[in-house]
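As stored in upload-v6.cif (mmCIF, C-alpha atoms):
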data_data
loop_
_atom_site.group_PDB
_atom_site.id
_atom_site.type_symbol
_atom_site.label_atom_id
_atom_site.label_comp_id
_atom_site.auth_asym_id
_atom_site.auth_seq_id
_atom_site.Cartn_x
_atom_site.Cartn_y
_atom_site.Cartn_z
ATOM 1 C CA ARG A 197 173.051 197.886 240.475
ATOM 2 C CA ALA A 198 176.804 198.214 240.964
ATOM 3 C CA ARG A 199 176.951 194.535 241.919
ATOM 4 C CA ARG A 200 175.564 193.557 238.513
ATOM 5 C CA ILE A 201 178.459 195.383 236.900
ATOM 6 C CA LEU A 202 181.253 193.881 238.983
ATOM 7 C CA PRO A 203 181.237 190.379 237.413
ATOM 8 C CA GLN A 204 181.796 191.953 234.013
ATOM 9 C CA LEU A 205 184.754 193.864 235.396
ATOM 10 C CA TYR A 206 186.155 190.634 236.806
ATOM 11 C CA MET A 207 186.392 189.297 233.251
ATOM 12 C CA SER A 208 188.083 192.401 231.859
ATOM 13 C CA THR A 209 191.842 191.864 231.885
ATOM 14 C CA ALA A 210 192.821 194.950 229.914
ATOM 15 C CA THR A 211 192.912 197.431 232.786
ATOM 16 C CA PRO A 212 195.832 199.861 232.559
ATOM 17 C CA GLY A 213 197.150 201.448 235.705
ATOM 18 C CA ARG A 214 198.332 205.008 236.126
ATOM 19 C CA ARG A 215 200.763 205.903 233.354
ATOM 20 C CA SER A 216 203.303 208.684 233.054
ATOM 21 C CA SER A 217 201.697 210.161 229.923
ATOM 22 C CA GLY A 218 198.207 211.592 230.060
ATOM 23 C CA PRO A 219 195.492 209.812 228.058
ATOM 24 C CA VAL A 220 193.511 211.062 225.092
ATOM 25 C CA ILE A 221 189.902 210.814 226.241
ATOM 26 C CA VAL A 222 187.123 210.890 223.640
ATOM 27 C CA VAL A 223 183.994 212.678 224.842
ATOM 28 C CA GLY A 224 180.718 213.367 223.086
ATOM 29 C CA MET A 225 177.053 212.519 223.215
ATOM 30 C CA HIS A 226 175.890 209.074 222.124
ATOM 31 C CA ARG A 227 175.284 208.886 218.345
ATOM 32 C CA THR A 228 177.607 211.791 217.510
ATOM 33 C CA GLY A 229 180.413 209.855 215.818
ATOM 34 C CA THR A 230 182.631 208.920 218.762
ATOM 35 C CA SER A 231 183.098 205.357 217.472
ATOM 36 C CA LEU A 232 184.502 206.499 214.133
ATOM 37 C CA THR A 233 186.668 209.052 215.913
ATOM 38 C CA SER A 234 188.063 206.330 218.168
ATOM 39 C CA ARG A 235 188.949 204.186 215.147
ATOM 40 C CA ILE A 236 190.681 207.169 213.540
ATOM 41 C CA LEU A 237 192.743 207.774 216.679
ATOM 42 C CA GLN A 238 193.726 204.106 216.734
ATOM 43 C CA SER A 239 194.816 204.380 213.089
ATOM 44 C CA LEU A 240 196.897 207.449 214.008
ATOM 45 C CA GLY A 241 198.822 205.444 216.586
ATOM 46 C CA VAL A 242 196.841 206.093 219.756
ATOM 47 C CA ASP A 243 196.389 202.899 221.785
ATOM 48 C CA MET A 244 192.631 202.964 222.388
ATOM 49 C CA GLY A 245 192.710 199.731 224.382
ATOM 50 C CA PRO A 246 193.295 196.094 223.428
ATOM 51 C CA ASP A 247 189.828 195.368 224.806
ATOM 52 C CA ALA A 248 188.111 197.869 222.500
ATOM 53 C CA SER A 249 184.947 196.311 221.079
ATOM 54 C CA SER A 250 184.587 195.844 217.338
ATOM 55 C CA ALA A 251 181.080 197.345 217.310
ATOM 56 C CA HIS A 252 181.683 200.719 218.965
ATOM 57 C CA HIS A 253 185.439 200.671 219.614
ATOM 58 C CA GLU A 254 184.951 201.145 223.354
ATOM 59 C CA SER A 255 187.436 199.868 225.906
ATOM 60 C CA LEU A 256 185.452 197.472 228.090
ATOM 61 C CA SER A 257 187.475 198.153 231.218
ATOM 62 C CA PHE A 258 186.940 201.914 231.065
ATOM 63 C CA MET A 259 183.313 201.645 229.989
ATOM 64 C CA MET A 260 182.568 199.426 232.984
ATOM 65 C CA ARG A 261 184.241 201.891 235.316
ATOM 66 C CA ASN A 262 182.050 204.682 233.957
ATOM 67 C CA ARG A 263 178.977 202.513 234.417
ATOM 68 C CA LEU A 264 180.048 201.800 237.977
ATOM 69 C CA LEU A 265 180.407 205.509 238.740
ATOM 70 C CA LEU A 266 176.939 206.261 237.373
ATOM 71 C CA SER A 267 175.395 203.328 239.219
ATOM 72 C CA ALA A 268 176.957 204.475 242.497
ATOM 73 C CA ALA A 269 174.849 207.628 242.150
ATOM 74 C CA ASN A 270 171.737 205.724 240.988
ATOM 75 C CA ALA A 271 172.165 207.127 237.498
ATOM 76 C CA GLU A 272 172.302 205.682 233.980
ATOM 77 C CA TRP A 273 173.624 206.981 230.678
ATOM 78 C CA ASP A 274 170.131 208.181 229.753
ATOM 79 C CA GLN A 275 169.291 209.408 233.281
ATOM 80 C CA PRO A 276 172.473 211.246 234.283
ATOM 81 C CA GLN A 277 170.995 213.905 236.576
ATOM 82 C CA PRO A 278 171.547 212.031 239.883
ATOM 83 C CA PHE A 279 175.211 211.658 239.010
ATOM 84 C CA LEU A 280 175.586 215.275 237.900
ATOM 85 C CA GLU A 281 173.843 216.501 241.038
ATOM 86 C CA ALA A 282 176.281 214.484 243.159
ATOM 87 C CA PHE A 283 179.021 216.836 242.026
ATOM 88 C CA GLY A 284 177.332 219.551 244.047
ATOM 89 C CA ASP A 285 178.250 217.647 247.206
ATOM 90 C CA PRO A 286 182.045 217.796 247.775
ATOM 91 C CA ASP A 287 182.002 214.733 250.040
ATOM 92 C CA TRP A 288 180.074 212.645 247.521
ATOM 93 C CA LYS A 289 182.289 213.811 244.664
ATOM 94 C CA ARG A 290 185.355 212.796 246.652
ATOM 95 C CA THR A 291 183.792 209.406 247.353
ATOM 96 C CA LEU A 292 183.317 208.837 243.622
ATOM 97 C CA ALA A 293 186.882 209.957 242.937
ATOM 98 C CA LEU A 294 188.248 207.532 245.527
ATOM 99 C CA LEU A 295 186.116 204.729 244.114
ATOM 100 C CA LEU A 296 187.509 205.353 240.643
ATOM 101 C CA GLU A 297 191.095 205.581 241.862
ATOM 102 C CA GLN A 298 190.702 202.320 243.762
ATOM 103 C CA THR A 299 189.663 200.490 240.587
ATOM 104 C CA ILE A 300 192.795 201.785 238.836
ATOM 105 C CA GLU A 301 195.423 201.633 241.562
ATOM 106 C CA SER A 302 194.362 198.540 243.509
ATOM 107 C CA PRO A 303 192.191 196.379 241.245
ATOM 108 C CA ARG A 304 193.455 193.189 242.850
ATOM 109 C CA GLU A 305 192.220 194.141 246.295
ATOM 110 C CA TRP A 306 189.017 195.743 245.029
ATOM 111 C CA LEU A 307 188.021 193.286 242.312
ATOM 112 C CA LEU A 308 189.737 190.216 243.714
ATOM 113 C CA SER A 309 190.624 188.303 240.559
ATOM 114 C CA LEU A 310 191.245 191.186 238.155
ATOM 115 C CA ARG A 311 194.825 191.329 236.920
ATOM 116 C CA GLN A 312 196.866 193.998 235.208
ATOM 117 C CA PRO A 313 199.013 192.617 232.397
ATOM 118 C CA PRO A 314 201.799 194.896 231.130
ATOM 119 C CA GLN A 315 200.770 197.037 228.185
ATOM 120 C CA THR A 316 202.601 199.124 225.641
ATOM 121 C CA VAL A 317 201.550 202.625 224.712
ATOM 122 C CA GLY A 318 200.966 203.446 221.055
ATOM 123 C CA PRO A 319 203.377 205.758 219.207
ATOM 124 C CA SER A 320 200.903 208.630 219.628
ATOM 125 C CA GLY A 321 199.927 207.846 223.214
ATOM 126 C CA TRP A 322 196.949 206.043 224.689
ATOM 127 C CA GLY A 323 193.324 206.720 225.494
ATOM 128 C CA TRP A 324 189.793 205.406 225.339
ATOM 129 C CA LYS A 325 186.325 206.215 224.100
ATOM 130 C CA ASP A 326 182.989 206.015 225.897
ATOM 131 C CA PRO A 327 180.139 208.536 225.561
ATOM 132 C CA ARG A 328 179.765 208.363 229.359
ATOM 133 C CA ASN A 329 183.107 210.180 229.531
ATOM 134 C CA SER A 330 181.007 213.254 228.769
ATOM 135 C CA LEU A 331 179.604 212.941 232.293
ATOM 136 C CA THR A 332 182.537 211.483 234.223
ATOM 137 C CA TRP A 333 185.421 213.471 232.722
ATOM 138 C CA PRO A 334 186.034 215.618 235.862
ATOM 139 C CA LEU A 335 186.840 212.455 237.813
ATOM 140 C CA TRP A 336 189.148 211.158 235.098
ATOM 141 C CA LEU A 337 190.863 214.544 234.961
ATOM 142 C CA GLU A 338 191.510 214.363 238.701
ATOM 143 C CA LEU A 339 193.094 210.944 238.215
ATOM 144 C CA TYR A 340 195.014 211.952 235.067
ATOM 145 C CA PRO A 341 195.736 215.718 235.401
ATOM 146 C CA THR A 342 197.524 215.914 232.022
ATOM 147 C CA ALA A 343 194.697 214.278 230.073
ATOM 148 C CA ARG A 344 193.655 215.690 226.710
ATOM 149 C CA PHE A 345 190.160 215.517 225.280
ATOM 150 C CA VAL A 346 188.767 214.938 221.803
ATOM 151 C CA ARG A 347 185.225 216.298 221.820
ATOM 152 C CA VAL A 348 182.929 215.022 219.063
ATOM 153 C CA ARG A 349 179.905 217.005 217.947
ATOM 154 C CA GLN A 350 177.163 216.469 215.416
ATOM 155 C CA ASN A 351 174.048 218.308 214.290
ATOM 156 C CA ARG A 352 171.547 218.242 217.143
ATOM 157 C CA SER A 353 168.585 217.091 215.068
ATOM 158 C CA ASP A 354 170.622 214.220 213.562
ATOM 159 C CA VAL A 355 171.631 213.025 217.021
ATOM 160 C CA ILE A 356 168.063 213.177 218.329
ATOM 161 C CA THR A 357 166.673 211.310 215.315
ATOM 162 C CA SER A 358 169.368 208.657 215.669
ATOM 163 C CA LEU A 359 168.703 208.214 219.394
ATOM 164 C CA VAL A 360 164.976 207.813 218.867
ATOM 165 C CA THR A 361 165.428 205.403 215.958
ATOM 166 C CA ARG A 362 167.848 203.232 217.913
ATOM 167 C CA SER A 363 165.582 203.179 220.972
ATOM 168 C CA GLN A 364 162.555 202.212 218.911
ATOM 169 C CA GLU A 365 164.562 199.429 217.268
ATOM 170 C CA ASN A 366 165.782 198.250 220.686
ATOM 171 C CA LEU A 367 162.183 198.234 221.890
ATOM 172 C CA ARG A 368 161.285 195.948 219.019
ATOM 173 C CA LEU A 369 164.239 193.696 219.837
ATOM 174 C CA GLN A 370 163.663 193.941 223.600
ATOM 175 C CA THR A 371 167.290 194.832 224.309
ATOM 176 C CA ASP A 372 169.129 197.801 225.871
ATOM 177 C CA LEU A 373 165.877 199.710 226.146
ATOM 178 C CA SER A 374 165.943 203.434 226.895
ATOM 179 C CA ILE A 375 162.434 204.672 227.674
ATOM 180 C CA ARG A 376 163.540 208.283 227.775
ATOM 181 C CA THR A 377 164.858 208.368 224.217
ATOM 182 C CA LEU A 378 161.856 206.662 222.637
ATOM 183 C CA ALA A 379 160.443 210.132 221.976
ATOM 184 C CA GLU A 380 162.131 213.242 220.591
ATOM 185 C CA ALA A 381 161.387 215.343 223.690
ATOM 186 C CA GLY A 382 163.323 212.977 225.937
ATOM 187 C CA ALA A 383 166.203 212.634 223.495
ATOM 188 C CA ASP A 384 166.371 216.401 223.110
ATOM 189 C CA SER A 385 166.512 217.062 226.859
ATOM 190 C CA LEU A 386 169.173 214.356 227.250
ATOM 191 C CA TYR A 387 171.242 216.049 224.539
ATOM 192 C CA SER A 388 171.017 219.301 226.520
ATOM 193 C CA GLU A 389 172.212 217.570 229.696
ATOM 194 C CA TYR A 390 175.253 216.093 227.976
ATOM 195 C CA LEU A 391 176.018 219.427 226.330
ATOM 196 C CA ALA A 392 175.852 221.207 229.695
ATOM 197 C CA ALA A 393 178.074 218.569 231.311
ATOM 198 C CA LEU A 394 180.752 219.157 228.666
ATOM 199 C CA THR A 395 180.636 222.955 228.702
ATOM 200 C CA PRO A 396 183.150 223.471 231.569
ATOM 201 C CA ILE A 397 185.828 221.307 229.971
ATOM 202 C CA ASP A 398 187.533 224.189 228.117
ATOM 203 C CA SER A 399 188.026 226.269 231.237
ATOM 204 C CA ALA A 400 189.057 223.201 233.238
ATOM 205 C CA VAL A 401 191.956 222.138 231.014
ATOM 206 C CA GLY A 402 192.464 225.024 228.575
ATOM 207 C CA GLU A 403 191.552 225.178 224.913
ATOM 208 C CA GLN A 404 194.925 223.761 223.831
ATOM 209 C CA ARG A 405 194.061 220.426 225.426
ATOM 210 C CA VAL A 406 190.657 220.082 223.752
ATOM 211 C CA PHE A 407 190.288 219.135 220.091
ATOM 212 C CA ASP A 408 186.831 219.516 218.579
ATOM 213 C CA VAL A 409 185.721 217.093 215.870
ATOM 214 C CA CYS A 410 182.698 218.292 213.916
ATOM 215 C CA TYR A 411 181.191 215.134 212.448
ATOM 216 C CA ASP A 412 179.819 216.927 209.397
ATOM 217 C CA GLY A 413 183.232 218.434 208.740
ATOM 218 C CA LEU A 414 184.884 215.054 209.206
ATOM 219 C CA LEU A 415 182.602 213.572 206.554
ATOM 220 C CA SER A 416 182.963 216.385 204.047
ATOM 221 C CA GLU A 417 186.699 216.995 204.479
ATOM 222 C CA PRO A 418 188.210 213.964 206.196
ATOM 223 C CA GLY A 419 191.749 214.698 205.048
ATOM 224 C CA ALA A 420 191.856 218.197 206.503
ATOM 225 C CA THR A 421 190.167 217.241 209.775
ATOM 226 C CA ILE A 422 192.360 214.195 210.348
ATOM 227 C CA ALA A 423 195.532 216.077 209.416
ATOM 228 C CA SER A 424 194.725 218.669 212.100
ATOM 229 C CA LEU A 425 193.976 215.910 214.610
ATOM 230 C CA ALA A 426 197.219 214.125 213.757
ATOM 231 C CA ASP A 427 199.189 217.310 214.290
ATOM 232 C CA TRP A 428 197.433 217.885 217.635
ATOM 233 C CA ILE A 429 198.325 214.441 219.002
ATOM 234 C CA GLY A 430 201.773 214.367 217.427
ATOM 235 C CA ALA A 431 201.037 211.560 214.986
ATOM 236 C CA SER A 432 202.936 210.854 211.802
ATOM 237 C CA GLU A 433 201.650 212.488 208.621
ATOM 238 C CA ALA A 434 202.078 209.101 206.943
ATOM 239 C CA ASP A 435 199.122 207.759 208.943
ATOM 240 C CA VAL A 436 196.675 210.448 207.795
ATOM 241 C CA ALA A 437 195.751 208.761 204.497
ATOM 242 C CA SER A 438 194.945 205.414 206.084
ATOM 243 C CA ALA A 439 192.923 207.118 208.805
ATOM 244 C CA ALA A 440 190.989 209.119 206.200
ATOM 245 C CA ALA A 441 190.153 205.863 204.424
ATOM 246 C CA LEU A 442 188.218 204.801 207.535
ATOM 247 C CA VAL A 443 185.794 207.660 206.916
ATOM 248 C CA ARG A 444 185.168 206.553 203.352
ATOM 249 C CA THR A 445 184.641 202.915 204.308
ATOM 250 C CA THR A 446 182.689 203.218 207.565
ATOM 251 C CA SER A 447 180.720 206.457 207.334
ATOM 252 C CA ARG A 448 177.009 206.136 206.767
ATOM 253 C CA TYR A 449 177.315 209.072 204.371
ATOM 254 C CA ALA A 450 180.327 207.591 202.546
ATOM 255 C CA ASN A 451 178.974 208.347 199.074
ATOM 256 C CA VAL A 452 177.720 211.853 199.790
ATOM 257 C CA THR A 453 180.027 214.727 198.941
ATOM 258 C CA ASN A 454 177.687 217.566 199.839
ATOM 259 C CA ILE A 455 176.410 217.723 203.408
ATOM 260 C CA ALA A 456 173.273 219.462 202.174
ATOM 261 C CA GLU A 457 172.414 216.302 200.213
ATOM 262 C CA ARG A 458 172.154 214.181 203.376
ATOM 263 C CA ALA A 459 168.413 213.584 203.138
ATOM 264 C CA VAL A 460 168.315 210.052 204.522
ATOM 265 C CA PRO A 461 165.318 208.188 205.912
ATOM 266 C CA ALA A 462 165.166 208.130 209.699
ATOM 267 C CA ALA A 463 165.346 204.334 209.703
ATOM 268 C CA LYS A 464 168.898 204.475 208.401
ATOM 269 C CA HIS A 465 170.077 206.260 211.539
ATOM 270 C CA LYS A 466 170.320 202.960 213.389
ATOM 271 C CA LEU A 467 173.428 202.319 211.300
ATOM 272 C CA GLY A 468 174.928 205.619 212.320
ATOM 273 C CA PRO A 469 177.786 206.384 214.683
ATOM 274 C CA ARG A 470 177.661 206.021 218.396
#
Would you mind writing the file's structure down as C-alpha cells?
Amino acid sequence: RARRILPQLYMSTATPGRRSSGPVIVVGMHRTGTSLTSRILQSLGVDMGPDASSAHHESLSFMMRNRLLLSAANAEWDQPQPFLEAFGDPDWKRTLALLLEQTIESPREWLLSLRQPPQTVGPSGWGWKDPRNSLTWPLWLELYPTARFVRVRQNRSDVITSLVTRSQENLRLQTDLSIRTLAEAGADSLYSEYLAALTPIDSAVGEQRVFDVCYDGLLSEPGATIASLADWIGASEADVASAAALVRTTSRYANVTNIAERAVPAAKHKLGPR
C-alpha cells in the first residue's frame, strides 16, 4: 500500500526540511473542526503550507507522510490499531521514526525526483493540519522536539453523526469509503481510539505547549477564542478580527448564536468541518 502513496509524494513539491523553529501541529479527530482551525491559524500568520488544499486546508506533503507511516504498519485512518500497537515495539517505533526522518532530511535520495524549494516562514511561525497527526504526533515530536500542538475538540455525538453521514454519502458516491464509520458503533469506537492516542500529549510536551480549541466555544465566542489563540502563538492582535470573520463565513452554524439551538438534520453534517 505504501507504493500506491509514493507517486503522489513525487508530485508534491512543497516539502519543508527541518527548520530552526518548531512547528504548530494541529491535532484532532476527523470532523471536529480542524479545517476551520487551520484556516484561522493561516489568517493569524502561521504558514500552514503552500500546498494546503482548498477543501480541508491540509498540506499535501505532510498528509502523504502520515499516510505512509500508517500504511507501513498496515493501518488506515479509520483502522489505526495496527499503527498504535507498533508503538509497543521499540524497534518498530524506531523504524517508523527513521522512515519519517528520511522523507524530511533526504527526500531526493528517498523519493528520487522530489525537490525542496526554499520557503519562508509566516510571521507567526509554520505548521500543518491533518487529523492523522492525532496518531502520528509522537514521531513528529521526535523530529521536531520544540513543536507545539493545537488540539481541536467537538461534542462526541456531533462528531459521530458527522462521520456516519459522510461515510453513507461516500458509499452512495462510491468514493473514499470507510466501512467502519458507516454505523454509529464503529464511529464511536474510532473516536475513543483517537481520544486515547491524544491523551499522553500533555505530559509529553507540557500543558504550555498545547492549546485546546473547543469547537462549540469557537462558534459561540470566536473573538475570545481566537484572541487567546493569537496570544498563544504570538500573533498580532490586528489579525484577530479577520480570523474571526472566517468563523462567521465558513461555519456550518454561522447564523446560530446559541449552541443549544443547534438542532440540525443529520444530513447537513456532510457540510461540517473535518
Legend entry - Counting all atoms listed in the file, the option among A:Ser239, A:Leu265, A:Val346, A:Ser257 closest to Ala434 of chain A: A:Ser239
Inset, instruction - Report as a PyMOL selection string the full result of the PyMOL selection byres ((chain A and resi 368-382) around 10) when it is applied to this structure. - result: chain A and resi 272-275+353+356-367+383-388
Name the residues captured by the PyMOL selection byres ((chain A and resi 335) around 9) when it is applied to the shown file; answer as a tab-separated table (two decimals) with C-alpha atoms, in the coordinates of the input.
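As a result, part-v1.tsv now contains:
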chain	number	residue	atom	x	y	z
A	289	LYS	CA	182.29	213.81	244.66
A	290	ARG	CA	185.36	212.80	246.65
A	292	LEU	CA	183.32	208.84	243.62
A	293	ALA	CA	186.88	209.96	242.94
A	296	LEU	CA	187.51	205.35	240.64
A	332	THR	CA	182.54	211.48	234.22
A	333	TRP	CA	185.42	213.47	232.72
A	334	PRO	CA	186.03	215.62	235.86
A	336	TRP	CA	189.15	211.16	235.10
A	337	LEU	CA	190.86	214.54	234.96
A	338	GLU	CA	191.51	214.36	238.70
A	339	LEU	CA	193.09	210.94	238.22
A	340	TYR	CA	195.01	211.95	235.07
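Taking atom CA of Glu281 of chain A and atom CA of Ser399 of chain A as endpoints, the distance between them is 19.8 Å.
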Inset, instruction - Name the residues in contact with Ser424 of chain A at a cut-off of 10 Å, using all atoms listed in the file, excluding same-chain residues fewer than 5 positions from it; report them as an NGL selection string. - result: :A and (407 or 409 or 418-419 or 429-431 or 433 or 436)
Inset, instruction - Just give me the gap between atom CA of Arg227 of chain A and atom CA of Glu254 of chain A in Å, one decimal is fine. - result: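 Between atom CA of Arg227 of chain A and atom CA of Glu254 of chain A the gap works out to 13.4 Å.
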Inset, instruction - Specify as a VMD selection string each residue included when the PyMOL selection byres ((chain A and resi 345) around 8) is applied to this file. - result: chain A and resid 220 to 223 343 to 344 346 to 347 405 to 407
Legend entry - Between atom CA of Ala441 of chain A and atom CA of Leu240 of chain A - distance in Å to one decimal: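 Separation of atom CA of Leu240 of chain A and atom CA of Ala441 of chain A: 11.8 Å.
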Inset, instruction - Have a look at A:Asp326, A:Asp435, A:Asp398, A:Asp408 and name the one nearest to Val242 of chain A; count only C-alpha atoms. - result: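 Answer, going by the shortest atom-to-atom distance: A:Asp435.
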Legend entry - Residue among A:Val443, A:Phe258, A:Ser416, A:Ala393 lying closest to Gly245 of chain A, counting all atoms listed in the file: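 The answer is A:Phe258, which sits nearest to Gly245 of chain A.
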